[in-house]
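input_23.txt (compact mmCIF, C-alpha atoms and all ligand atoms) appears below.
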```txt
# COMPACT_ATOMS: atom_id res chain seq x y z
CA MET M 122 3.88 8.78 27.46
CA ASN M 123 6.62 6.45 28.61
CA ASP M 124 7.02 2.82 27.63
CA LYS M 125 5.19 1.40 30.68
CA GLU M 126 2.18 3.65 30.05
CA LEU M 127 2.13 2.74 26.36
CA MET M 128 2.27 -0.98 27.15
CA ALA M 129 -0.64 -0.65 29.58
CA LEU M 130 -2.64 1.29 27.00
CA SER M 131 -1.78 -1.35 24.41
CA SER M 132 -3.26 -4.19 26.43
CA GLU M 133 -6.35 -2.09 27.12
CA ASN M 134 -6.98 -1.28 23.47
CA ILE M 135 -5.33 -3.82 21.19
CA MET M 136 -6.46 -7.41 20.73
CA ASN M 137 -4.29 -9.97 22.34
CA THR M 138 -2.97 -11.68 19.20
CA TYR M 139 0.77 -11.09 19.71
CA LYS M 140 3.13 -12.00 22.47
CA ARG M 141 5.25 -8.86 22.50
CA PHE M 142 8.67 -8.03 23.88
CA PRO M 143 8.57 -5.17 26.40
CA ILE M 144 10.15 -2.47 24.26
CA VAL M 145 8.61 0.31 22.16
CA LEU M 146 10.60 0.90 18.99
CA VAL M 147 10.46 4.41 17.62
CA LYS M 148 13.32 4.90 15.18
CA GLY M 149 15.42 2.93 12.71
CA GLU M 150 18.38 3.41 10.43
CA GLY M 151 20.11 0.70 8.42
CA PRO M 152 20.46 -2.39 10.64
CA LYS M 153 19.79 -0.44 13.86
CA VAL M 154 16.65 0.49 15.76
CA TRP M 155 16.11 2.57 18.89
CA ASP M 156 13.50 2.25 21.59
CA ILE M 157 11.55 5.05 23.20
CA ASN M 158 14.22 5.37 25.91
CA GLY M 159 16.94 5.90 23.33
CA ARG M 160 18.44 2.40 23.67
CA GLU M 161 20.04 1.09 20.51
CA TYR M 162 19.56 -2.43 19.13
CA LEU M 163 21.12 -4.32 16.26
CA ASP M 164 18.07 -5.57 14.39
CA PHE M 165 18.49 -9.13 13.12
CA VAL M 166 14.72 -9.54 12.84
CA ALA M 167 14.23 -6.67 10.37
CA GLY M 168 10.45 -6.79 10.68
CA ILE M 169 10.75 -10.56 10.04
CA ALA M 170 12.63 -10.48 6.74
CA VAL M 171 10.92 -7.27 5.65
CA CYS M 172 13.49 -4.46 5.80
CA ASN M 173 16.01 -6.10 3.47
CA LEU M 174 17.63 -2.75 2.70
CA GLY M 175 17.70 -1.78 6.36
CA HIS M 176 15.42 0.71 8.06
CA CYS M 177 14.46 3.96 6.33
CA HIS M 178 16.52 3.29 3.22
CA PRO M 179 17.06 6.72 1.56
CA GLN M 180 15.84 5.63 -1.88
CA VAL M 181 12.62 4.19 -0.51
CA VAL M 182 12.07 7.20 1.75
CA ALA M 183 12.57 9.59 -1.18
CA ALA M 184 10.23 7.63 -3.45
CA LEU M 185 7.51 7.58 -0.80
CA LYS M 186 7.84 11.29 -0.06
CA LYS M 187 7.65 12.17 -3.73
CA GLN M 188 4.66 9.93 -4.36
CA ALA M 189 2.87 11.15 -1.22
CA GLU M 190 2.94 14.66 -2.58
CA GLU M 191 1.60 13.60 -5.98
CA LEU M 192 -1.01 10.89 -5.47
CA PHE M 193 -1.74 8.46 -2.62
CA HIS M 194 -4.47 6.38 -4.05
CA VAL M 195 -6.69 5.84 -7.04
CA SER M 196 -8.81 2.84 -7.90
CA ASN M 197 -7.73 0.03 -10.18
CA LEU M 198 -10.56 1.23 -12.40
CA TYR M 199 -7.77 3.42 -13.83
CA TYR M 200 -4.22 2.82 -15.01
CA ILE M 201 -1.59 3.41 -12.33
CA GLU M 202 1.86 4.47 -13.53
CA THR M 203 3.94 3.21 -10.60
CA GLN M 204 2.08 -0.14 -10.71
CA ILE M 205 2.95 -0.65 -14.35
CA LYS M 206 6.61 0.19 -13.63
CA LEU M 207 6.89 -2.27 -10.73
CA ALA M 208 5.12 -5.01 -12.70
CA LYS M 209 7.63 -4.58 -15.54
CA LEU M 210 10.57 -4.59 -13.15
CA LEU M 211 9.38 -7.85 -11.56
CA THR M 212 8.54 -9.61 -14.80
CA ASP M 213 11.81 -8.46 -16.43
CA ASN M 214 13.69 -10.02 -13.54
CA SER M 215 11.78 -13.27 -13.07
CA PHE M 216 10.18 -16.20 -14.89
CA ALA M 217 6.82 -14.44 -14.73
CA ASP M 218 4.94 -12.56 -17.44
CA LYS M 219 2.19 -10.97 -15.37
CA ALA M 220 1.66 -9.58 -11.89
CA PHE M 221 -1.29 -9.03 -9.59
CA PHE M 222 -0.78 -6.70 -6.63
CA CYS M 223 -2.22 -6.94 -3.16
CA ASN M 224 -1.19 -5.95 0.36
CA SER M 225 0.22 -8.94 2.21
CA GLY M 226 1.65 -12.43 1.95
CA ALA M 227 -1.59 -14.13 2.91
CA GLU M 228 -3.42 -12.15 0.25
CA ALA M 229 -0.82 -13.04 -2.36
CA ASN M 230 -1.25 -16.71 -1.50
CA GLU M 231 -5.06 -16.39 -1.60
CA ALA M 232 -4.67 -14.98 -5.10
CA ALA M 233 -2.34 -17.85 -6.06
CA ILE M 234 -4.77 -20.47 -4.75
CA LYS M 235 -7.64 -18.85 -6.64
CA LEU M 236 -5.61 -18.58 -9.86
CA ALA M 237 -4.51 -22.23 -9.66
CA ARG M 238 -8.10 -23.35 -9.16
CA LYS M 239 -9.40 -21.11 -11.93
CA TYR M 240 -6.71 -22.24 -14.35
CA ALA M 241 -7.46 -25.89 -13.63
CA HIS M 242 -11.21 -25.33 -13.80
CA GLU M 243 -10.87 -23.74 -17.22
CA ASN M 244 -8.21 -25.96 -18.75
CA LEU M 245 -8.34 -29.32 -17.01
CA GLY M 246 -11.86 -29.72 -15.64
CA ALA M 247 -13.86 -28.65 -12.59
CA ASP M 248 -12.91 -31.77 -10.63
CA LYS M 249 -9.23 -30.82 -10.59
CA PHE M 250 -8.98 -28.49 -7.61
CA GLU M 251 -6.74 -30.11 -5.04
CA LEU M 252 -3.55 -28.48 -3.78
CA ILE M 253 -0.71 -30.35 -2.14
CA THR M 254 1.23 -28.32 0.42
CA MET M 255 4.00 -29.17 2.88
CA LYS M 256 4.04 -30.09 6.53
CA ASP M 257 5.63 -27.36 8.69
CA SER M 258 4.91 -24.82 5.96
CA PHE M 259 3.56 -21.34 6.55
CA HIS M 260 1.38 -19.49 4.07
CA GLY M 261 -0.56 -16.92 6.11
CA ARG M 262 -3.50 -16.40 8.48
CA THR M 263 -6.60 -16.15 6.30
CA MET M 264 -8.92 -19.17 6.12
CA ALA M 265 -7.49 -20.43 2.81
CA THR M 266 -3.91 -19.83 3.86
CA ILE M 267 -4.21 -21.46 7.30
CA THR M 268 -5.67 -24.41 5.42
CA ALA M 269 -2.65 -24.39 3.10
CA THR M 270 -0.33 -24.09 6.12
CA GLY M 271 0.67 -27.60 7.18
CA GLN M 272 0.76 -26.92 10.92
CA GLU M 273 -2.15 -27.75 13.18
CA LYS M 274 -1.29 -25.04 15.70
CA PHE M 275 -2.37 -22.39 13.21
CA GLN M 276 -5.60 -24.22 12.35
CA PHE M 277 -6.76 -25.23 15.82
CA GLY M 278 -10.08 -23.62 16.76
CA PHE M 279 -10.85 -22.39 13.27
CA THR M 280 -12.41 -25.43 11.62
CA PRO M 281 -14.02 -26.23 9.25
CA LEU M 282 -11.11 -25.54 6.95
CA LEU M 283 -11.27 -25.32 3.16
CA ASP M 284 -11.78 -28.48 1.09
CA GLY M 285 -9.16 -29.69 -1.31
CA PHE M 286 -5.83 -29.59 0.53
CA LYS M 287 -3.37 -32.40 1.24
CA TYR M 288 -0.09 -32.26 3.15
CA VAL M 289 3.17 -34.11 2.66
CA PRO M 290 6.53 -33.87 4.43
CA PHE M 291 8.85 -31.26 2.93
CA ASN M 292 11.83 -32.63 1.00
CA ASP M 293 10.15 -36.03 0.53
CA LEU M 294 9.63 -36.73 -3.17
CA GLN M 295 8.13 -40.16 -2.67
CA ALA M 296 5.43 -38.85 -0.33
CA LEU M 297 4.70 -36.08 -2.81
CA GLU M 298 4.37 -38.45 -5.73
CA SER M 299 2.03 -40.76 -3.82
CA ALA M 300 -0.19 -37.86 -2.71
CA ILE M 301 -0.95 -36.87 -6.30
CA SER M 302 -4.39 -37.86 -7.55
CA VAL M 303 -6.58 -37.06 -10.55
CA LYS M 304 -7.90 -34.14 -8.50
CA THR M 305 -4.50 -32.47 -7.95
CA CYS M 306 -4.13 -29.09 -9.64
CA GLY M 307 -1.05 -27.73 -7.91
CA ILE M 308 1.82 -28.07 -5.48
CA MET M 309 2.57 -25.11 -3.25
CA LEU M 310 5.76 -24.76 -1.23
CA GLU M 311 8.36 -22.40 0.18
CA PRO M 312 11.80 -22.85 -1.45
CA VAL M 313 13.21 -22.59 2.08
CA GLN M 314 10.71 -23.04 4.89
CA GLY M 315 10.80 -19.91 7.03
CA GLU M 316 8.42 -20.17 9.99
CA GLY M 317 9.04 -23.92 9.97
CA GLY M 318 12.59 -23.19 11.15
CA VAL M 319 14.68 -22.25 8.08
CA ILE M 320 14.46 -25.72 6.56
CA ILE M 321 16.56 -25.99 3.41
CA PRO M 322 15.65 -28.88 1.08
CA ASP M 323 18.15 -31.06 -0.81
CA ASP M 324 19.82 -29.36 -3.77
CA ARG M 325 17.85 -31.28 -6.38
CA TYR M 326 14.50 -31.23 -4.57
CA LEU M 327 12.88 -28.28 -6.34
CA ALA M 328 14.02 -29.51 -9.76
CA LYS M 329 12.48 -32.92 -9.04
CA VAL M 330 9.24 -31.31 -7.87
CA ARG M 331 9.19 -29.42 -11.17
CA GLU M 332 9.57 -32.71 -13.04
CA ILE M 333 6.72 -34.25 -11.08
CA CYS M 334 4.53 -31.24 -11.87
CA ASP M 335 5.32 -31.47 -15.57
CA ARG M 336 4.67 -35.20 -15.65
CA HIS M 337 1.24 -34.86 -14.01
CA ASP M 338 0.24 -31.56 -15.59
CA ILE M 339 0.03 -29.70 -12.30
CA LEU M 340 1.09 -26.19 -11.36
CA LEU M 341 4.10 -25.37 -9.23
CA ILE M 342 3.43 -22.47 -6.88
CA VAL M 343 6.38 -21.10 -4.91
CA ASP M 344 5.66 -19.00 -1.87
CA GLU M 345 8.58 -16.56 -1.84
CA VAL M 346 6.95 -14.21 0.63
CA GLN M 347 9.93 -14.68 2.95
CA THR M 348 12.65 -15.94 0.60
CA GLY M 349 12.02 -13.38 -2.16
CA ILE M 350 13.62 -9.99 -2.84
CA GLY M 351 17.17 -11.13 -2.23
CA ARG M 352 16.90 -12.85 1.14
CA THR M 353 18.73 -16.03 0.06
CA GLY M 354 21.35 -14.27 -2.07
CA ARG M 355 19.41 -14.32 -5.32
CA LEU M 356 16.51 -12.06 -6.16
CA PHE M 357 14.24 -15.12 -5.86
CA ALA M 358 15.16 -18.37 -4.14
CA TYR M 359 13.83 -20.58 -6.95
CA GLU M 360 16.78 -19.31 -9.04
CA HIS M 361 19.17 -21.49 -7.00
CA SER M 362 17.51 -24.60 -8.40
CA GLY M 363 17.66 -23.72 -12.10
CA ILE M 364 13.91 -24.24 -12.61
CA GLU M 365 10.97 -21.95 -13.10
CA PRO M 366 7.72 -22.15 -11.18
CA ASP M 367 4.32 -21.37 -12.71
CA ILE M 368 3.16 -19.02 -9.97
CA MET M 369 5.11 -17.09 -7.33
CA THR M 370 3.97 -15.02 -4.38
CA LEU M 371 5.82 -12.11 -2.79
CA ALA M 372 5.25 -9.71 0.09
CA LYS M 373 7.45 -9.05 3.15
CA ALA M 374 10.52 -7.29 1.64
CA LEU M 375 8.79 -6.17 -1.55
CA GLY M 376 8.15 -2.68 -0.15
CA ASN M 377 11.02 -2.74 2.38
CA GLY M 378 8.43 -2.13 5.10
CA PHE M 379 5.61 -0.54 3.20
CA PRO M 380 2.81 -3.15 2.96
CA VAL M 381 2.84 -4.69 -0.53
CA GLY M 382 2.10 -8.16 -1.84
CA ALA M 383 2.22 -9.63 -5.32
CA MET M 384 1.27 -12.79 -7.13
CA LEU M 385 3.12 -13.45 -10.37
CA ALA M 386 2.53 -16.03 -13.07
CA LYS M 387 3.35 -17.10 -16.57
CA ASP M 388 1.06 -15.70 -19.23
CA GLU M 389 -0.69 -18.94 -20.05
CA ILE M 390 -1.76 -19.35 -16.44
CA ALA M 391 -2.44 -15.68 -15.74
CA LYS M 392 -4.94 -15.76 -18.62
CA ALA M 393 -7.34 -17.74 -16.45
CA PHE M 394 -8.12 -14.50 -14.57
CA THR M 395 -10.44 -12.12 -16.41
CA PRO M 396 -12.07 -8.87 -15.21
CA GLY M 397 -14.24 -9.53 -12.19
CA ASN M 398 -12.40 -12.67 -11.03
CA HIS M 399 -10.16 -11.07 -8.46
CA ALA M 400 -9.52 -7.61 -7.02
CA SER M 401 -8.21 -5.58 -4.11
CA THR M 402 -9.09 -1.96 -3.32
CA PHE M 403 -5.61 -1.07 -2.09
CA GLY M 404 -3.71 -3.61 -4.20
CA GLY M 405 -1.12 -1.89 -6.36
CA ASN M 406 -1.89 1.58 -5.05
CA PRO M 407 0.47 4.38 -6.15
CA LEU M 408 2.14 4.79 -2.77
CA ALA M 409 2.78 1.07 -2.26
CA MET M 410 4.04 0.69 -5.81
CA ALA M 411 6.44 3.62 -5.44
CA ALA M 412 7.92 1.93 -2.35
CA GLY M 413 8.09 -1.42 -4.14
CA TYR M 414 9.75 0.00 -7.22
CA ALA M 415 12.35 1.85 -5.17
CA ALA M 416 13.05 -1.18 -2.99
CA VAL M 417 13.42 -3.73 -5.79
CA SER M 418 15.55 -1.33 -7.87
CA ALA M 419 17.85 -0.71 -4.91
CA ILE M 420 18.24 -4.44 -4.26
CA LEU M 421 19.20 -4.95 -7.90
CA GLN M 422 21.50 -1.95 -8.25
CA GLU M 423 23.69 -1.69 -5.22
CA GLY M 424 25.56 -4.97 -4.96
CA VAL M 425 23.13 -5.97 -2.24
CA LEU M 426 22.75 -9.53 -3.49
CA ASP M 427 26.49 -10.01 -3.59
CA ASN M 428 26.81 -8.66 -0.06
CA CYS M 429 24.01 -10.96 1.08
CA ARG M 430 25.81 -14.04 -0.26
CA LYS M 431 29.17 -13.03 1.23
CA MET M 432 27.80 -12.00 4.61
CA GLY M 433 25.59 -15.09 4.67
CA GLU M 434 28.64 -17.32 4.28
CA TYR M 435 30.55 -15.41 6.91
CA PHE M 436 27.64 -15.51 9.36
CA LEU M 437 27.20 -19.26 8.84
CA THR M 438 30.91 -19.85 9.48
CA GLN M 439 30.71 -17.86 12.71
CA LEU M 440 27.59 -19.75 13.80
CA LYS M 441 29.39 -23.04 13.13
CA LYS M 442 32.16 -21.89 15.45
CA LEU M 443 29.58 -21.30 18.17
CA GLN M 444 28.17 -24.75 17.49
CA GLY M 445 31.62 -26.19 18.11
CA LYS M 446 31.72 -24.39 21.43
CA TYR M 447 28.23 -25.07 22.84
CA ARG M 448 26.65 -28.48 23.08
CA ILE M 449 23.11 -27.08 23.28
CA ILE M 450 23.42 -26.06 19.60
CA ASN M 451 22.15 -29.02 17.56
CA ALA M 452 22.50 -27.58 14.11
CA VAL M 453 23.17 -24.38 12.25
CA ARG M 454 21.98 -23.74 8.71
CA GLY M 455 21.37 -20.95 6.29
CA LYS M 456 20.99 -19.74 2.76
CA GLY M 457 22.10 -16.18 2.11
CA LEU M 458 20.98 -14.14 5.09
CA MET M 459 18.23 -16.50 6.17
CA LEU M 460 19.87 -18.44 8.97
CA ALA M 461 18.98 -20.56 11.95
CA CYS M 462 20.49 -22.12 14.99
CA ALA M 463 18.59 -25.15 16.29
CA LEU M 464 18.85 -25.62 20.05
CA ASP M 465 18.33 -28.45 22.50
CA ILE M 466 16.43 -26.08 24.74
CA GLU M 467 13.65 -23.52 24.44
CA GLY M 468 14.99 -20.40 22.74
CA ALA M 469 12.82 -17.75 24.43
CA ASP M 470 15.30 -17.05 27.25
CA ILE M 471 18.17 -16.68 24.81
CA VAL M 472 16.16 -14.24 22.70
CA ASN M 473 15.32 -12.18 25.81
CA GLU M 474 18.92 -12.14 26.98
CA CYS M 475 20.11 -11.05 23.53
CA MET M 476 17.58 -8.22 23.58
CA LYS M 477 18.84 -7.03 26.95
CA ARG M 478 22.31 -6.88 25.42
CA GLY M 479 21.15 -4.94 22.36
CA LEU M 480 20.52 -7.65 19.76
CA LEU M 481 17.09 -8.43 18.32
CA ILE M 482 16.59 -11.98 17.03
CA ASN M 483 13.58 -14.25 17.09
CA CYS M 484 12.67 -17.82 17.66
CA THR M 485 10.55 -20.15 15.51
CA GLY M 486 8.92 -23.36 16.62
CA GLY M 487 10.16 -22.88 20.20
CA LYS M 488 13.72 -24.10 19.81
CA THR M 489 15.11 -22.53 16.66
CA LEU M 490 16.79 -19.14 16.71
CA ARG M 491 16.22 -17.34 13.43
CA PHE M 492 18.40 -14.61 11.94
CA VAL M 493 17.03 -12.53 9.07
CA PRO M 494 19.05 -9.30 9.24
CA PRO M 495 18.99 -6.58 6.58
CA LEU M 496 20.97 -7.68 3.51
CA VAL M 497 23.17 -4.58 3.84
CA ILE M 498 24.91 -5.64 7.07
CA ASN M 499 28.69 -5.86 7.29
CA ARG M 500 31.19 -8.07 9.12
CA ASN M 501 31.21 -5.77 12.14
CA ASP M 502 27.46 -6.15 12.56
CA ILE M 503 27.80 -9.94 12.36
CA ASP M 504 30.75 -9.97 14.78
CA ARG M 505 28.74 -7.89 17.24
CA ALA M 506 25.74 -10.21 16.97
CA ILE M 507 27.89 -13.33 17.36
CA GLY M 508 29.67 -11.73 20.32
CA ILE M 509 26.36 -11.07 22.09
CA LEU M 510 25.08 -14.56 21.33
CA ASP M 511 28.34 -16.07 22.57
CA ASN M 512 28.05 -14.05 25.73
CA VAL M 513 24.47 -15.15 26.34
CA LEU M 514 25.21 -18.83 25.69
CA GLU M 515 28.26 -18.69 27.93
CA GLY M 516 26.16 -17.35 30.79
CA ARG M 517 23.92 -20.42 30.74
C1 LIG J 1 5.08 -14.16 6.42
C2 LIG J 1 4.70 -15.20 5.44
C3 LIG J 1 3.40 -15.26 4.89
C4 LIG J 1 2.28 -14.37 5.35
O1 LIG J 1 2.50 -13.04 5.04
P1 LIG J 1 1.57 -11.90 5.69
O2 LIG J 1 2.03 -10.65 5.02
O3 LIG J 1 1.82 -11.92 7.16
O4 LIG J 1 0.16 -12.25 5.38
C5 LIG J 1 3.15 -16.21 3.91
N1 LIG J 1 4.11 -17.05 3.50
C6 LIG J 1 5.35 -17.04 4.00
C7 LIG J 1 6.38 -17.99 3.50
C8 LIG J 1 5.69 -16.12 5.01
O5 LIG J 1 6.92 -16.13 5.54
```
Is it possible to express this structure as structure tokens?
Ligand SMILES: *Cc1c(COP(=O)(O)O)cnc(C)c1O
Amino acid sequence: MNDKELMALSSENIMNTYKRFPIVLVKGEGPKVWDINGREYLDFVAGIAVCNLGHCHPQVVAALKKQAEELFHVSNLYYIETQIKLAKLLTDNSFADKAFFCNSGAEANEAAIKLARKYAHENLGADKFELITMKDSFHGRTMATITATGQEKFQFGFTPLLDGFKYVPFNDLQALESAISVKTCGIMLEPVQGEGGVIIPDDRYLAKVREICDRHDILLIVDEVQTGIGRTGRLFAYEHSGIEPDIMTLAKALGNGFPVGAMLAKDEIAKAFTPGNHASTFGGNPLAMAAGYAAVSAILQEGVLDNCRKMGEYFLTQLKKLQGKYRIINAVRGKGLMLACALDIEGADIVNECMKRGLLINCTGGKTLRFVPPLVINRNDIDRAIGILDNVLEGR
């Protein structure tokens, strides 16, 4: 079947929940992907911050092949070797003592919300259940996580939402402090807002939020589904602020493309979950855990984080040059290889034009171009992307 036939078949058989670009991608290697007609693209979307090691990373491919020949799946009624190994790798390299595995970011955040409530219920009283989250945040598409997401466009048409959520502007400590009540059990936020447009808070913000949490005896939950696994130049973005959260959620890049999610916590908090409180059939399955272990090990071993920081700085410098050249660019910002270019105009046309020239990028909130390339890109890749973007902007 050719691409036109596949697209027709897609609209006949698949629910209309995504606005898709008219290409069918069939192959990937490192920062490149190819469509069904053999056209090559530089992929600065990377599955939306998923393929941090690039497509089909050899170590992840090998781990999956090996595991597929040994054991795909067994229930969590039994001990799972690869799960234990990934849990140890994550706890050895983070603030956390314990992990719970699931299959997606939304599920990880569901688990975090449940753990925060359970911890508060057990330790602080049943009337302490409220979570404060941020405006323009994004936490997923389940009922609890669209409630946690501080953007009406994701909630519209799906009411009634869950009880017990309050929203405050990101990076506003005063608003946060005034939103706290006797009912508050936790604050949940992204260290850098992703879907909200790559919004980076002030340097001291997270540390101050930590102080507020300590003062009021509330939990700090960081949603690192997008920022985690090296994206911002550290394994986890909270590390930039010198503080430790109480709970952290991961997904996207955790399996470098294999679906894996995780919720991690300090022991004292994790203890609130006992057998029967939470579960997932596929969560932590041998195949997913093999991918996760290979991916996280590769990120830690191969100078990937260092490359991410260096390339992030270089990319930002090049974007700033473009900003100097084009008045429609309002702002450029980034942390590691999570970058954005805020425009005066709708970004959709620019994204389409870039695609036609062989560069995949995406757009958040209508006017912000987002760049989340694999962390293994080099200067040439960045120069090529900037060249295409320059070309597209010039043509306007
Ligand atoms: C993508 C994302 C989610 C949702 O993850 P899914 O795997 O799509 O459920 C949650 N939080 C953040 C910060 C994200 O970027």
* **Computed interatomic separation between CA of Phe193 (chain M) and CA of Ala415 (chain M) (Å)** => 15.8 Å
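Pocket residues of ligand LIG 1 (chain J), taken as those with any atom at most 8 Å away using all atoms listed in the file, are Ile169, Asn224, Ser225, Gly226, Ala227, Glu228, Ala229, Asn230, Ser258, Phe259, His260, Gly261, Arg262, Thr263, Thr266, Glu311, Gln314, Gly315, Glu316, Asp344, Glu345, Val346, Gln347, Thr348, Ala372, Lys373, Pro380 and Gly382 of chain M.
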* Structure fact -> With distances taken over only C-alpha atoms, the candidate from M:Ile320, M:Met309, M:Leu356, M:Val417 nearest Gly376 (chain M) is M:Val417
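Each of M:Gln204, M:Ser131, M:Thr138, M:Asn173 was compared to Phe403 (chain M) using all atoms listed in the file, and M:Gln204 turns out to be the nearest.
For the choices M:Arg355, M:Arg325, M:Lys477, M:Lys488, the atom-to-atom distance to Leu510 (chain M) is smallest for M:Lys477 when using only C-alpha atoms.
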* To do: Skip Gly285 (chain M) itself and residues of its chain fewer than 3 positions away, then list as a PyMOL selection string all residues within 7 Å of it, counting all atoms listed in the file.
  => chain M and resi 250-252
* Find, counting all atoms listed in the file, the residue in M:Gln180, M:Ala189, M:Asp257, M:Val497 that gets nearest to Gly354 (chain M). => M:Val497
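As for CA of Leu163 (chain M) and CA of Met459 (chain M), they are spaced 16.1 Å apart.
Distance check against Lys274 (chain M) using only C-alpha atoms: of M:Gly486, M:Ser215, M:Leu481, M:Leu464, the minimum falls on M:Gly486.
Nearest residue to Pro152 (chain M) among M:Ala269, M:Leu480, M:Leu490, M:Ile509 is M:Leu480, counting all atoms listed in the file.
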* Using only C-alpha atoms, determine which residues lie at most 7 Å from Ala265 (chain M), disregarding the query and same-chain residues fewer than 3 positions distant; provide the list as a PyMOL selection string. => chain M and resi 231+268-269+283
Write a file of the just-selected residues containing C-alpha atoms, as a PDB file, keeping the file's coordinate frame.
```pdb
ATOM      1  CA  GLU M 231      -5.060 -16.390  -1.600  1.00  0.00           C
ATOM      2  CA  THR M 268      -5.670 -24.410   5.420  1.00  0.00           C
ATOM      3  CA  ALA M 269      -2.650 -24.390   3.100  1.00  0.00           C
ATOM      4  CA  LEU M 283     -11.270 -25.320   3.160  1.00  0.00           C
TER       5      LEU M 283
END
```
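Taking all atoms listed in the file, the non-local environment of Ser362 (chain M) within 8 Å (same-chain residues fewer than 5 positions away omitted) comprises M:Asp324, M:Arg325, M:Leu327, M:Ala328.
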* Take CA of Ala217 (chain M) and CA of Leu385 (chain M) and report the distance between them in Å, one decimal. => 5.8 Å
* **Within-6 Å shell of (-6.1, -17.0, -20.1) in input frame, only C-alpha atoms, as a VMD selection string** => chain M and resid 389 391 to 393
